[in-house]
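Engineer: Provided below: run.pdb, containing PDB, C-alpha atoms.
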```pdb
MODEL        1
ATOM      1  CA  MET A   1      89.939  44.890  74.667
ATOM      2  CA  ALA A   2      87.893  46.498  71.909
ATOM      3  CA  GLY A   3      87.587  43.103  70.224
ATOM      4  CA  GLY A   4      86.466  41.501  73.466
ATOM      5  CA  LEU A   5      83.855  44.187  74.017
ATOM      6  CA  GLY A   6      82.606  43.656  70.469
ATOM      7  CA  VAL A   7      82.211  39.920  71.077
ATOM      8  CA  LEU A   8      80.448  40.637  74.385
ATOM      9  CA  ALA A   9      78.099  43.080  72.663
ATOM     10  CA  ALA A  10      77.393  40.516  69.944
ATOM     11  CA  VAL A  11      76.644  37.711  72.414
ATOM     12  CA  VAL A  12      74.433  39.873  74.652
ATOM     13  CA  GLY A  13      72.737  41.407  71.609
ATOM     14  CA  LEU A  14      72.007  37.975  70.143
ATOM     15  CA  VAL A  15      70.512  36.714  73.411
ATOM     16  CA  PHE A  16      68.166  39.720  73.530
ATOM     17  CA  ALA A  17      67.449  39.482  69.797
ATOM     18  CA  VAL A  18      66.327  35.849  70.104
ATOM     19  CA  SER A  19      63.457  37.037  72.308
ATOM     20  CA  PHE A  20      62.175  39.075  69.342
ATOM     21  CA  ALA A  21      62.657  36.344  66.714
ATOM     22  CA  GLY A  22      59.510  35.634  64.757
ATOM     23  CA  GLY A  23      58.126  39.109  65.330
ATOM     24  CA  THR A  24      57.218  38.634  68.988
ATOM     25  CA  ARG A  25      57.551  41.924  70.862
ATOM     26  CA  VAL A  26      54.730  41.737  73.360
ATOM     27  CA  GLY A  27      55.734  43.298  76.669
ATOM     28  CA  GLY A  28      54.777  42.355  80.181
ATOM     29  CA  GLY A  29      55.004  45.847  81.666
ATOM     30  CA  TRP A  30      58.028  47.829  82.828
ATOM     31  CA  PHE A  31      58.509  45.911  86.075
ATOM     32  CA  TRP A  32      58.525  42.441  84.533
ATOM     33  CA  ASP A  33      60.407  43.392  81.398
ATOM     34  CA  PHE A  34      63.164  45.120  83.398
ATOM     35  CA  GLY A  35      63.528  42.123  85.715
ATOM     36  CA  ASN A  36      63.744  39.790  82.757
ATOM     37  CA  ALA A  37      66.168  42.099  80.952
ATOM     38  CA  LEU A  38      68.461  41.511  83.941
ATOM     39  CA  GLY A  39      68.003  37.787  83.393
ATOM     40  CA  PHE A  40      68.828  37.971  79.690
ATOM     41  CA  LEU A  41      71.865  40.143  80.457
ATOM     42  CA  ALA A  42      73.102  37.615  83.017
ATOM     43  CA  LEU A  43      72.671  34.818  80.477
ATOM     44  CA  GLY A  44      74.587  36.846  77.889
ATOM     45  CA  GLY A  45      77.385  37.423  80.392
ATOM     46  CA  ILE A  46      77.569  33.738  81.303
ATOM     47  CA  LEU A  47      77.668  32.722  77.634
ATOM     48  CA  PHE A  48      80.447  35.225  76.957
ATOM     49  CA  GLN A  49      82.404  33.740  79.841
ATOM     50  CA  MET A  50      81.963  30.287  78.282
ATOM     51  CA  ILE A  51      83.871  31.203  75.121
ATOM     52  CA  PRO A  52      86.896  28.938  75.329
ATOM     53  CA  SER A  53      90.293  30.517  74.935
ATOM     54  CA  ALA A  54      93.752  30.480  76.434
ATOM     55  CA  ARG A  55      93.362  33.500  78.698
ATOM     56  CA  GLY A  56      96.744  33.917  80.358
ATOM     57  CA  ALA A  57      97.001  37.444  81.723
ATOM     58  CA  ALA A  58      93.318  38.040  80.934
ATOM     59  CA  THR A  59      92.257  35.588  83.652
ATOM     60  CA  ARG A  60      91.763  38.357  86.196
ATOM     61  CA  LYS A  61      89.321  40.164  83.891
ATOM     62  CA  HIS A  62      87.492  36.889  83.298
ATOM     63  CA  GLU A  63      87.208  36.454  87.064
ATOM     64  CA  ARG A  64      85.912  40.001  87.622
ATOM     65  CA  LEU A  65      83.343  39.700  84.850
ATOM     66  CA  GLY A  66      82.160  36.523  86.548
ATOM     67  CA  TYR A  67      81.286  38.578  89.639
ATOM     68  CA  TRP A  68      79.305  40.964  87.485
ATOM     69  CA  ALA A  69      77.385  38.132  85.824
ATOM     70  CA  LEU A  70      76.627  36.631  89.235
ATOM     71  CA  GLY A  71      75.519  40.019  90.567
ATOM     72  CA  VAL A  72      73.147  40.587  87.668
ATOM     73  CA  ALA A  73      71.746  37.037  87.944
ATOM     74  CA  GLY A  74      71.153  37.599  91.659
ATOM     75  CA  ALA A  75      69.510  40.954  90.964
ATOM     76  CA  HIS A  76      67.202  39.238  88.452
ATOM     77  CA  ALA A  77      66.060  36.771  91.137
ATOM     78  CA  LEU A  78      65.771  39.273  93.987
ATOM     79  CA  TRP A  79      63.950  41.820  91.794
ATOM     80  CA  PHE A  80      60.998  39.461  91.351
ATOM     81  CA  LEU A  81      61.100  38.079  94.891
ATOM     82  CA  VAL A  82      60.834  41.592  96.309
ATOM     83  CA  GLY A  83      58.382  43.022  93.787
ATOM     84  CA  ASP A  84      55.890  40.211  93.103
ATOM     85  CA  GLY A  85      54.503  38.455  96.152
ATOM     86  CA  ALA A  86      53.526  35.316  94.229
ATOM     87  CA  VAL A  87      56.910  34.536  92.657
ATOM     88  CA  ARG A  88      58.271  32.993  95.855
ATOM     89  CA  VAL A  89      55.612  30.273  95.625
ATOM     90  CA  TYR A  90      57.208  29.241  92.347
ATOM     91  CA  LEU A  91      60.461  28.545  94.166
ATOM     92  CA  GLN A  92      58.911  26.460  96.924
ATOM     93  CA  PRO A  93      58.220  22.698  96.898
ATOM     94  CA  GLY A  94      55.780  21.909  94.106
ATOM     95  CA  ALA A  95      57.129  24.652  91.857
ATOM     96  CA  PRO A  96      57.484  24.066  88.111
ATOM     97  CA  VAL A  97      60.761  22.577  86.955
ATOM     98  CA  ALA A  98      61.573  25.715  84.935
ATOM     99  CA  MET A  99      61.789  27.786  88.107
ATOM    100  CA  TRP A 100      63.884  25.213  89.951
ATOM    101  CA  LEU A 101      66.275  25.299  87.009
ATOM    102  CA  GLY A 102      66.558  29.074  87.319
ATOM    103  CA  LEU A 103      67.291  28.785  91.024
ATOM    104  CA  GLY A 104      69.780  26.012  90.290
ATOM    105  CA  ALA A 105      71.521  28.209  87.730
ATOM    106  CA  VAL A 106      71.990  31.062  90.227
ATOM    107  CA  VAL A 107      73.231  28.733  92.977
ATOM    108  CA  GLY A 108      75.494  26.936  90.479
ATOM    109  CA  LEU A 109      76.877  30.253  89.300
ATOM    110  CA  ALA A 110      77.579  31.289  92.902
ATOM    111  CA  LEU A 111      79.405  27.984  93.448
ATOM    112  CA  LEU A 112      81.293  28.333  90.174
ATOM    113  CA  THR A 113      82.407  31.849  91.077
ATOM    114  CA  SER A 114      83.371  31.004  94.651
ATOM    115  CA  LEU A 115      85.430  27.967  93.684
ATOM    116  CA  ALA A 116      87.310  30.008  91.066
ATOM    117  CA  ARG A 117      88.099  32.953  93.320
ATOM    118  CA  MET A 118      91.793  33.762  93.496
ATOM    119  CA  PRO A 119      93.830  33.010  95.537
ATOM    120  CA  ASP A 120      91.468  30.550  97.275
ATOM    121  CA  ARG A 121      91.276  28.580  94.050
ATOM    122  CA  MET A 122      94.865  27.415  94.549
ATOM    123  CA  ARG A 123      93.991  25.949  97.935
ATOM    124  CA  VAL A 124      90.773  24.246  96.794
ATOM    125  CA  HIS A 125      92.244  22.733  93.641
ATOM    126  CA  ARG A 126      95.804  21.498  93.868
ATOM    127  CA  ARG A 127      96.165  20.927  90.150
ATOM    128  CA  PHE A 128      95.152  23.446  87.494
ATOM    129  CA  ARG A 129      93.908  20.695  85.200
ATOM    130  CA  THR A 130      91.439  19.523  87.871
ATOM    131  CA  PHE A 131      90.235  23.072  88.424
ATOM    132  CA  ARG A 132      89.780  23.669  84.689
ATOM    133  CA  THR A 133      87.779  20.467  84.233
ATOM    134  CA  ILE A 134      85.477  21.177  87.190
ATOM    135  CA  HIS A 135      85.110  24.843  86.239
ATOM    136  CA  ARG A 136      84.211  24.006  82.649
ATOM    137  CA  TRP A 137      81.665  21.298  83.500
ATOM    138  CA  LEU A 138      80.068  23.447  86.195
ATOM    139  CA  GLY A 139      79.848  26.168  83.554
ATOM    140  CA  PHE A 140      78.112  23.810  81.142
ATOM    141  CA  ALA A 141      75.654  22.834  83.883
ATOM    142  CA  VAL A 142      74.896  26.489  84.693
ATOM    143  CA  VAL A 143      74.371  27.337  81.020
ATOM    144  CA  ALA A 144      72.095  24.316  80.565
ATOM    145  CA  ALA A 145      70.025  25.189  83.634
ATOM    146  CA  ALA A 146      69.761  28.883  82.702
ATOM    147  CA  GLY A 147      68.957  28.129  79.051
ATOM    148  CA  LEU A 148      66.246  25.642  80.004
ATOM    149  CA  HIS A 149      64.871  28.137  82.537
ATOM    150  CA  VAL A 150      64.498  30.724  79.770
ATOM    151  CA  GLY A 151      63.036  28.245  77.288
ATOM    152  CA  LEU A 152      60.659  26.364  79.578
ATOM    153  CA  THR A 153      59.145  29.398  81.282
ATOM    154  CA  GLY A 154      58.054  30.454  77.800
ATOM    155  CA  PHE A 155      57.636  34.111  78.710
ATOM    156  CA  TYR A 156      59.706  35.448  75.838
ATOM    157  CA  LEU A 157      60.760  32.296  74.000
ATOM    158  CA  SER A 158      57.421  30.781  73.111
ATOM    159  CA  ARG A 159      58.277  29.413  69.673
ATOM    160  CA  TRP A 160      60.461  26.510  68.625
ATOM    161  CA  VAL A 161      62.426  28.741  66.291
ATOM    162  CA  GLN A 162      63.416  30.922  69.252
ATOM    163  CA  ASP A 163      64.511  27.891  71.285
ATOM    164  CA  GLY A 164      66.527  26.703  68.289
ATOM    165  CA  LEU A 165      68.216  30.077  67.813
ATOM    166  CA  LEU A 166      69.129  30.296  71.512
ATOM    167  CA  LEU A 167      70.591  26.798  71.274
ATOM    168  CA  VAL A 168      72.738  27.931  68.327
ATOM    169  CA  VAL A 169      74.059  30.889  70.347
ATOM    170  CA  VAL A 170      74.741  28.615  73.337
ATOM    171  CA  LEU A 171      76.589  26.039  71.232
ATOM    172  CA  ALA A 172      78.590  28.728  69.436
ATOM    173  CA  CYS A 173      79.787  30.131  72.773
ATOM    174  CA  CYS A 174      80.406  26.845  74.565
ATOM    175  CA  LEU A 175      81.988  24.915  71.726
ATOM    176  CA  GLY A 176      84.019  25.755  68.633
ATOM    177  CA  ARG A 177      87.292  26.278  70.437
ATOM    178  CA  GLN A 178      89.310  26.243  67.205
ATOM    179  CA  HIS A 179      87.155  29.026  65.716
ATOM    180  CA  TRP A 180      87.352  31.305  68.755
ATOM    181  CA  ALA A 181      91.127  30.774  68.899
ATOM    182  CA  ARG A 182      91.430  32.618  65.567
ATOM    183  CA  LEU A 183      90.589  35.920  67.268
ATOM    184  CA  ALA A 184      93.626  38.199  67.460
ATOM    185  CA  THR A 185      93.125  38.756  71.211
ATOM    186  CA  PRO A 186      91.342  36.628  73.816
ATOM    187  CA  PRO A 187      87.674  37.707  74.112
ATOM    188  CA  VAL A 188      87.671  39.339  77.547
ATOM    189  CA  ALA A 189      85.793  42.419  78.696
ATOM    190  CA  THR A 190      85.661  44.599  81.789
ATOM    191  CA  GLY A 191      82.788  45.011  84.196
ATOM    192  CA  ALA A 192      82.318  48.563  82.950
ATOM    193  CA  GLY A 193      81.973  47.250  79.399
ATOM    194  CA  PHE A 194      79.444  44.664  80.579
ATOM    195  CA  VAL A 195      77.386  47.359  82.320
ATOM    196  CA  ALA A 196      77.508  49.622  79.251
ATOM    197  CA  VAL A 197      76.447  46.828  76.894
ATOM    198  CA  GLY A 198      73.770  45.767  79.361
ATOM    199  CA  LEU A 199      72.323  49.268  79.672
ATOM    200  CA  VAL A 200      72.001  49.620  75.903
ATOM    201  CA  ALA A 201      70.518  46.133  75.449
ATOM    202  CA  ALA A 202      68.097  46.468  78.372
ATOM    203  CA  ALA A 203      66.971  49.937  77.256
ATOM    204  CA  GLY A 204      66.265  48.665  73.741
ATOM    205  CA  PHE A 205      64.442  45.623  75.135
ATOM    206  CA  LEU A 206      62.255  47.744  77.414
ATOM    207  CA  LEU A 207      61.456  50.446  74.882
ATOM    208  CA  LEU A 208      60.628  48.030  72.058
ATOM    209  CA  ARG A 209      58.295  46.052  74.289
ATOM    210  CA  ASN A 210      56.560  48.872  76.088
ATOM    211  CA  LEU A 211      56.398  51.776  73.667
ATOM    212  CA  GLY A 212      54.662  51.970  70.344
ATOM    213  CA  GLY A 213      52.154  49.653  68.777
TER     214      GLY A 213
ATOM    215  CA  MET B   1      82.995  38.188  99.084
ATOM    216  CA  LYS B   2      81.805  34.958 100.680
ATOM    217  CA  TRP B   3      79.928  36.938 103.330
ATOM    218  CA  VAL B   4      78.229  39.036 100.676
ATOM    219  CA  LEU B   5      77.232  35.871  98.825
ATOM    220  CA  LEU B   6      75.977  34.215 102.008
ATOM    221  CA  GLY B   7      74.052  37.352 102.906
ATOM    222  CA  LEU B   8      72.365  37.485  99.500
ATOM    223  CA  LEU B   9      71.531  33.786  99.642
ATOM    224  CA  ALA B  10      70.041  34.288 103.108
ATOM    225  CA  LEU B  11      68.049  37.278 101.836
ATOM    226  CA  GLY B  12      66.737  35.222  98.909
ATOM    227  CA  ALA B  13      65.839  32.295 101.158
ATOM    228  CA  GLY B  14      64.090  34.678 103.562
ATOM    229  CA  LEU B  15      62.056  36.188 100.762
ATOM    230  CA  VAL B  16      61.076  32.729  99.483
ATOM    231  CA  VAL B  17      59.932  31.604 102.936
ATOM    232  CA  LEU B  18      58.441  34.809 104.346
ATOM    233  CA  GLY B  19      57.595  36.842 101.264
ATOM    234  CA  PRO B  20      58.332  40.495 100.599
ATOM    235  CA  PRO B  21      57.702  43.041 103.339
ATOM    236  CA  PRO B  22      54.399  44.976 103.343
ATOM    237  CA  PRO B  23      52.778  46.749 101.597
ATOM    238  CA  ILE B  24      53.486  44.302  98.755
ATOM    239  CA  LEU B  25      50.736  41.698  98.574
ATOM    240  CA  THR B  26      51.797  38.099  99.032
ATOM    241  CA  ALA B  27      50.162  34.886  97.947
ATOM    242  CA  ARG B  28      50.382  31.466  99.535
ATOM    243  CA  ARG B  29      49.114  28.068  98.559
ATOM    244  CA  ALA B  30      46.028  26.816 100.365
ATOM    245  CA  VAL B  31      43.815  23.742 100.278
ATOM    246  CA  VAL B  32      40.534  24.769  98.664
ATOM    247  CA  ALA B  33      37.352  22.913  97.871
ATOM    248  CA  GLY B  34      38.622  19.500  98.896
ATOM    249  CA  ALA B  35      41.708  19.647  96.716
ATOM    250  CA  GLY B  36      44.255  16.959  97.436
ATOM    251  CA  ARG B  37      47.103  19.426  97.592
ATOM    252  CA  PRO B  38      47.508  23.130  98.265
ATOM    253  CA  ILE B  39      47.075  25.395  95.274
ATOM    254  CA  LEU B  40      47.526  29.091  94.692
ATOM    255  CA  PRO B  41      44.349  31.149  94.936
ATOM    256  CA  MET B  42      43.241  32.673  91.661
ATOM    257  CA  ARG B  43      41.276  35.795  90.989
ATOM    258  CA  PHE B  44      38.893  35.495  88.074
ATOM    259  CA  VAL B  45      36.321  38.111  87.123
ATOM    260  CA  HIS B  46      33.702  36.625  84.833
ATOM    261  CA  ASP B  47      32.480  40.046  83.715
ATOM    262  CA  ASP B  48      35.928  40.893  82.346
ATOM    263  CA  HIS B  49      35.625  37.950  79.967
ATOM    264  CA  ARG B  50      32.258  38.700  78.397
ATOM    265  CA  GLY B  51      33.790  39.165  74.954
ATOM    266  CA  VAL B  52      35.314  35.686  74.982
ATOM    267  CA  PRO B  53      33.249  32.815  73.492
ATOM    268  CA  CYS B  54      32.109  30.605  76.382
ATOM    269  CA  ALA B  55      33.453  27.400  74.822
ATOM    270  CA  THR B  56      36.976  28.826  74.806
ATOM    271  CA  CYS B  57      37.163  27.932  78.491
ATOM    272  CA  HIS B  58      34.006  25.889  79.096
ATOM    273  CA  HIS B  59      34.954  22.781  77.168
ATOM    274  CA  GLU B  60      32.058  20.952  78.851
ATOM    275  CA  PHE B  61      29.730  22.833  76.504
ATOM    276  CA  VAL B  62      31.418  21.066  73.621
ATOM    277  CA  ASP B  63      32.396  17.647  74.924
ATOM    278  CA  GLY B  64      29.228  17.120  76.992
ATOM    279  CA  THR B  65      30.848  16.628  80.423
ATOM    280  CA  VAL B  66      27.854  18.221  82.121
ATOM    281  CA  GLY B  67      26.651  17.875  85.669
ATOM    282  CA  THR B  68      29.844  18.897  87.322
ATOM    283  CA  THR B  69      31.744  22.054  88.133
ATOM    284  CA  CYS B  70      35.189  23.155  87.018
ATOM    285  CA  ILE B  71      36.576  22.512  90.499
ATOM    286  CA  ASP B  72      35.187  18.970  90.593
ATOM    287  CA  CYS B  73      37.611  17.920  87.908
ATOM    288  CA  HIS B  74      40.401  20.436  87.678
ATOM    289  CA  VAL B  75      41.114  20.739  91.382
ATOM    290  CA  THR B  76      39.942  17.535  93.025
ATOM    291  CA  ASP B  77      40.326  14.832  90.370
ATOM    292  CA  PRO B  78      43.836  13.378  90.781
ATOM    293  CA  LYS B  79      43.965  12.555  87.071
ATOM    294  CA  VAL B  80      43.865  16.205  86.012
ATOM    295  CA  SER B  81      44.687  18.153  89.164
ATOM    296  CA  ALA B  82      48.394  17.563  88.584
ATOM    297  CA  LEU B  83      48.029  19.478  85.329
ATOM    298  CA  LEU B  84      46.077  22.337  86.887
ATOM    299  CA  GLU B  85      48.790  24.986  86.884
ATOM    300  CA  ARG B  86      50.145  24.173  83.456
ATOM    301  CA  GLN B  87      46.714  23.970  81.824
ATOM    302  CA  PHE B  88      45.433  27.210  83.292
ATOM    303  CA  HIS B  89      48.670  29.088  82.711
ATOM    304  CA  ASP B  90      48.609  27.982  79.077
ATOM    305  CA  LEU B  91      44.936  28.839  78.614
ATOM    306  CA  CYS B  92      44.844  32.185  80.409
ATOM    307  CA  ARG B  93      48.277  33.536  79.565
ATOM    308  CA  THR B  94      48.221  32.506  75.913
ATOM    309  CA  CYS B  95      44.884  34.241  75.412
ATOM    310  CA  HIS B  96      46.017  37.373  77.268
ATOM    311  CA  VAL B  97      49.222  37.552  75.216
ATOM    312  CA  GLU B  98      47.292  37.127  71.949
ATOM    313  CA  GLU B  99      44.850  39.861  72.917
ATOM    314  CA  GLN B 100      47.732  42.156  73.838
ATOM    315  CA  ALA B 101      49.514  41.439  70.564
ATOM    316  CA  ALA B 102      46.286  42.316  68.739
ATOM    317  CA  GLY B 103      46.172  45.656  70.559
ATOM    318  CA  LYS B 104      43.019  44.777  72.498
ATOM    319  CA  ALA B 105      42.217  45.054  76.178
ATOM    320  CA  HIS B 106      43.843  42.101  77.882
ATOM    321  CA  GLY B 107      44.465  40.460  81.232
ATOM    322  CA  PRO B 108      47.842  40.020  82.931
ATOM    323  CA  THR B 109      50.535  38.470  80.763
ATOM    324  CA  ARG B 110      53.395  38.126  83.224
ATOM    325  CA  SER B 111      52.615  39.448  86.695
ATOM    326  CA  CYS B 112      51.936  36.458  88.966
ATOM    327  CA  ILE B 113      50.294  38.431  91.766
ATOM    328  CA  ALA B 114      47.847  40.051  89.328
ATOM    329  CA  CYS B 115      45.951  36.744  89.128
ATOM    330  CA  HIS B 116      47.082  34.780  92.182
ATOM    331  CA  GLN B 117      45.323  36.658  94.914
ATOM    332  CA  LEU B 118      42.071  36.179  96.771
ATOM    333  CA  ASP B 119      39.288  38.417  95.500
ATOM    334  CA  ASP B 120      38.782  40.105  98.867
ATOM    335  CA  GLN B 121      42.448  41.115  99.026
ATOM    336  CA  PHE B 122      42.256  43.306  95.972
TER     337      PHE B 122
ENDMDL
END
```
Let me see the structure of the file written as structure tokens.

Structural biologist:
Amino acid sequence: MAGGLGVLAAVVGLVFAVSFAGGTRVGGGWFWDFGNALGFLALGGILFQMIPSARGAATRKHERLGYWALGVAGAHALWFLVGDGAVRVYLQPGAPVAMWLGLGAVVGLALLTSLARMPDRMRVHRRFRTFRTIHRWLGFAVVAAAGLHVGLTGFYLSRWVQDGLLLVVVLACCLGRQHWARLATPPVATGAGFVAVGLVAAAGFLLLRNLGG
Amino acid sequence: MKWVLLGLLALGAGLVVLGPPPPILTARRAVVAGAGRPILPMRFVHDDHRGVPCATCHHEFVDGTVGTTCIDCHVTDPKVSALLERQFHDLCRTCHVEEQAAGKAHGPTRSCIACHQLDDQF
């Protein structure tokens, strides 16, 4: 478990760190930075869940962490919809593609989580191989939509080097099965670990962007 | 869990359609000045931008496209109106972010409602 938490902390930390790459630490105020910290945390959680490994008995923890990632992604969306009365316009017809991708990522994540819920999963997918294929490709689609949402909005990733670094993190998590398999234990973490890592990362993100010169 | 998910999706959809409850200000697209399609209102205070060189925004001073107003092209001309949001977001937000990074007084960098509101609603 300690190893899994370390990998989770590394993935979440890297996602947050990319937003500072190139010396950019301009903040958008406590409200916006907190809402976007939720978004970065959700992306970190999703990427951690994408690390391929034979999970076996750890599947239940993988499933529970999925609920946490979905909850944080939903909180990211609802935070802005409740607190900024103009954001909703950017989710209506005519909205920029970046925002549609964000909405698509949340809906895709909800679908991904629902279809994988035990024991319903056994009824929806008769064969495990079919489930695994659908689950993996839906995961790729969610990661692509969320990554493009972060990159195209340009709020925190405004430089090509940042987009490139995020792409490296995404590829490292989604691919490289043979490298991840070398870990002594499957990289799984609990919801409590996710919350703890998220609190530290979000606090650092907020303080660095809103305090000091 | 499915009911929780459905409830949250319904809440999100409700917020997108109806907006947040008062007293939070809401913005909605509207057809202004003969624009072909509804656009978000935008609050702009000229006096707040006195320190900015005019040609930073007023490109007509440089390229000689005189005899017209900003709205004539940027809002009503189909050739450029499709780029309206992207162009103004890039221009305004980039400048605000640069001013903030330089430690100077600056306009909004993230908050949508800080700019997209009718003047008389502030």

Engineer: Please provide as a tab-separated table (two decimals) with C-alpha atoms, keeping the file's coordinate frame all residues within 7 Å of Met42 of chain B, with the sequence filter that same-chain residues fewer than 2 positions apart are discarded (counting all atoms listed in the file).

Structural biologist:
```
chain	number	residue	atom	x	y	z
B	40	LEU	CA	47.53	29.09	94.69
B	44	PHE	CA	38.89	35.49	88.07
B	115	CYS	CA	45.95	36.74	89.13
B	116	HIS	CA	47.08	34.78	92.18
B	117	GLN	CA	45.32	36.66	94.91
B	118	LEU	CA	42.07	36.18	96.77
```

Engineer: Taking only residues of chain B that have an atom at most 8 Å from an atom of chain A, what is each one's shortest atom pair and its distance in Å to one decimal, using all atoms listed in the file, in chain and number order, as a tab-separated table?

Structural biologist:
```
residue	atom	partner	partner_atom	distance
B:Lys2	CA	A:Ser114	CA	7.4
B:Leu5	CA	A:Ala110	CA	7.5
B:Leu8	CA	A:Gly74	CA	7.9
B:Gly12	CA	A:Leu78	CA	6.4
B:Leu15	CA	A:Leu81	CA	6.2
B:Val16	CA	A:Arg88	CA	4.6
B:Val17	CA	A:Arg88	CA	7.4
B:Gly19	CA	A:Gly85	CA	6.2
B:Pro20	CA	A:Val82	CA	5.1
B:Pro21	CA	A:Val82	CA	7.8
B:Ile24	CA	A:Gly85	CA	6.5
B:Leu25	CA	A:Gly85	CA	5.5
B:Thr26	CA	A:Gly85	CA	4.0
B:Ala27	CA	A:Ala86	CA	5.0
B:Arg28	CA	A:Val89	CA	6.6
B:Arg29	CA	A:Val89	CA	7.5
B:Val97	CA	A:Val26	CA	7.2
B:Gln100	CA	A:Val26	CA	7.0
B:Ala101	CA	A:Val26	CA	5.9
B:Gly103	CA	A:Gly213	CA	7.4
B:Pro108	CA	A:Gly28	CA	7.8
B:Thr109	CA	A:Gly28	CA	5.8
B:Arg110	CA	A:Gly28	CA	5.4
B:Ser111	CA	A:Trp32	CA	7.0
B:Cys112	CA	A:Ala86	CA	5.6
B:Ile113	CA	A:Ala86	CA	5.1
B:His116	CA	A:Ala86	CA	6.8
```

Engineer: Provide the atom CA of Ala10 of chain B to atom CA of Met99 of chain A distance in Å, to one decimal place.

Structural biologist: 18.3 Å

Engineer: Counting only C-alpha atoms, what is within 12 Å of Leu83 of chain B, bar same-chain residues fewer than 4 positions away, as a list in words?

Structural biologist: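 Near neighbours after the sequence-gap exclusion: Gly94 and Pro96 of chain A; Ile39, Cys73, His74, Val75, Thr76, Asp77, Pro78, Lys79, Gln87, Phe88, His89, Asp90 and Leu91 of chain B.
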
Engineer: Which one is closest to Cys95 of chain B: B:Val52, B:Glu60, B:Ala82, B:Thr68? Count all atoms listed in the file.

Structural biologist: B:Val52

Engineer: Measure the distance from atom CA of Tyr156 of chain A to atom CA of Asn36 of chain A in Å and round it to one decimal.

Structural biologist: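 Rounded to one decimal, the two atoms are 9.1 Å apart.
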
Engineer: Find the distance between atom CA of Val62 of chain B and atom CA of Ala102 of chain B and write it in Å to one decimal.

Structural biologist: 26.4 Å

Engineer: Pick the closest to Leu152 of chain A from B:Asp72, B:Arg37, B:Arg86, B:His96: which is it, counting only C-alpha atoms?

Structural biologist: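 Closest candidate: B:Arg86.
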
Engineer: Compare B:Leu18, B:Thr94, B:Ala114, B:Asp63 by their minimum atom-to-atom distance to Pro41 of chain B, counting only C-alpha atoms, and give me the closest one.

Structural biologist: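 Closest candidate: B:Ala114.
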
Engineer: Considering all atoms listed in the file, tabulate each residue of segment 64-131 of chain A that lies at most 12 Å from segment 142-148 of chain A along with its nearest interatomic pair and the corresponding distance in Å to one decimal; arrange the rows by chain and ascending residue number and present them as a Markdown table.

Structural biologist:
```
| residue | atom | partner | partner_atom | distance |
| --- | --- | --- | --- | --- |
| A:Ala69 | CA | A:Val142 | CA | 12.0 |
| A:Leu70 | CA | A:Val142 | CA | 11.2 |
| A:Ala73 | CA | A:Ala146 | CA | 9.9 |
| A:Val97 | CA | A:Leu148 | CA | 9.4 |
| A:Ala98 | CA | A:Leu148 | CA | 6.8 |
| A:Met99 | CA | A:Leu148 | CA | 9.5 |
| A:Trp100 | CA | A:Ala145 | CA | 8.8 |
| A:Leu101 | CA | A:Ala145 | CA | 5.0 |
| A:Gly102 | CA | A:Ala146 | CA | 5.6 |
| A:Leu103 | CA | A:Ala145 | CA | 8.7 |
| A:Gly104 | CA | A:Ala145 | CA | 6.7 |
| A:Ala105 | CA | A:Val142 | CA | 4.9 |
| A:Val106 | CA | A:Val142 | CA | 7.7 |
| A:Val107 | CA | A:Val142 | CA | 8.7 |
| A:Gly108 | CA | A:Val142 | CA | 5.8 |
| A:Leu109 | CA | A:Val142 | CA | 6.3 |
| A:Ala110 | CA | A:Val142 | CA | 9.9 |
| A:Leu111 | CA | A:Val142 | CA | 10.0 |
| A:Leu112 | CA | A:Val142 | CA | 8.6 |
| A:Thr113 | CA | A:Val142 | CA | 11.2 |
```

Engineer: Show me, as JSON, the centre and edge lengths in Å to one decimal of the axis-aligned box that covers every listed atom of segment 103-118 of chain B with 6 Å on each side.

Structural biologist:
```
{"center_x": 47.7, "center_y": 40.2, "center_z": 83.7, "size_x": 23.3, "size_y": 22.9, "size_z": 38.2}
```

Engineer: Extract, using all atoms listed in the file, all DNA, RNA and protein residues at most 7 Å from Val18 of chain A, discarding same-chain residues fewer than 3 positions from it, and format them as a list in words.

Structural biologist: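 Here the qualifying residues turn out to be Leu14, Val15, Ala21, Gln162, Leu165 and Leu166 of chain A.
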
Engineer: Evaluated on this file, the PyMOL selection byres ((chain A and resi 169) around 10) picks out some residues - which ones are they, written as a list in words?

Structural biologist: Val11, Val12, Leu14, Val15, Val18, Gly44, Leu47, Gly164, Leu165, Leu166, Leu167, Val168, Val170, Leu171, Ala172, Cys173 and Cys174 of chain A

Engineer: Could you get me a file of segment 203-208 of chain A with N, CA and C atoms, as an mmCIF file, in the first residue's frame, taken from the block above?

Structural biologist:
```cif
data_model
loop_
_atom_site.group_PDB
_atom_site.id
_atom_site.type_symbol
_atom_site.label_atom_id
_atom_site.label_comp_id
_atom_site.auth_asym_id
_atom_site.auth_seq_id
_atom_site.Cartn_x
_atom_site.Cartn_y
_atom_site.Cartn_z
ATOM 1 N N ALA A 203 -3.154 22.429 -1.283
ATOM 2 C CA ALA A 203 -2.690 23.501 -0.390
ATOM 3 C C ALA A 203 -1.433 24.161 -0.962
ATOM 4 N N GLY A 204 -0.500 23.342 -1.444
ATOM 5 C CA GLY A 204 0.710 23.892 -2.052
ATOM 6 C C GLY A 204 0.390 24.736 -3.272
ATOM 7 N N PHE A 205 -0.512 24.235 -4.107
ATOM 8 C CA PHE A 205 -0.934 24.931 -5.328
ATOM 9 C C PHE A 205 -1.532 26.296 -4.993
ATOM 10 N N LEU A 206 -2.425 26.307 -4.001
ATOM 11 C CA LEU A 206 -3.101 27.556 -3.626
ATOM 12 C C LEU A 206 -2.131 28.558 -2.999
ATOM 13 N N LEU A 207 -1.300 28.071 -2.092
ATOM 14 C CA LEU A 207 -0.399 28.984 -1.387
ATOM 15 C C LEU A 207 0.641 29.566 -2.335
ATOM 16 N N LEU A 208 1.210 28.728 -3.204
ATOM 17 C CA LEU A 208 2.228 29.219 -4.134
ATOM 18 C C LEU A 208 1.664 30.255 -5.094
#
```
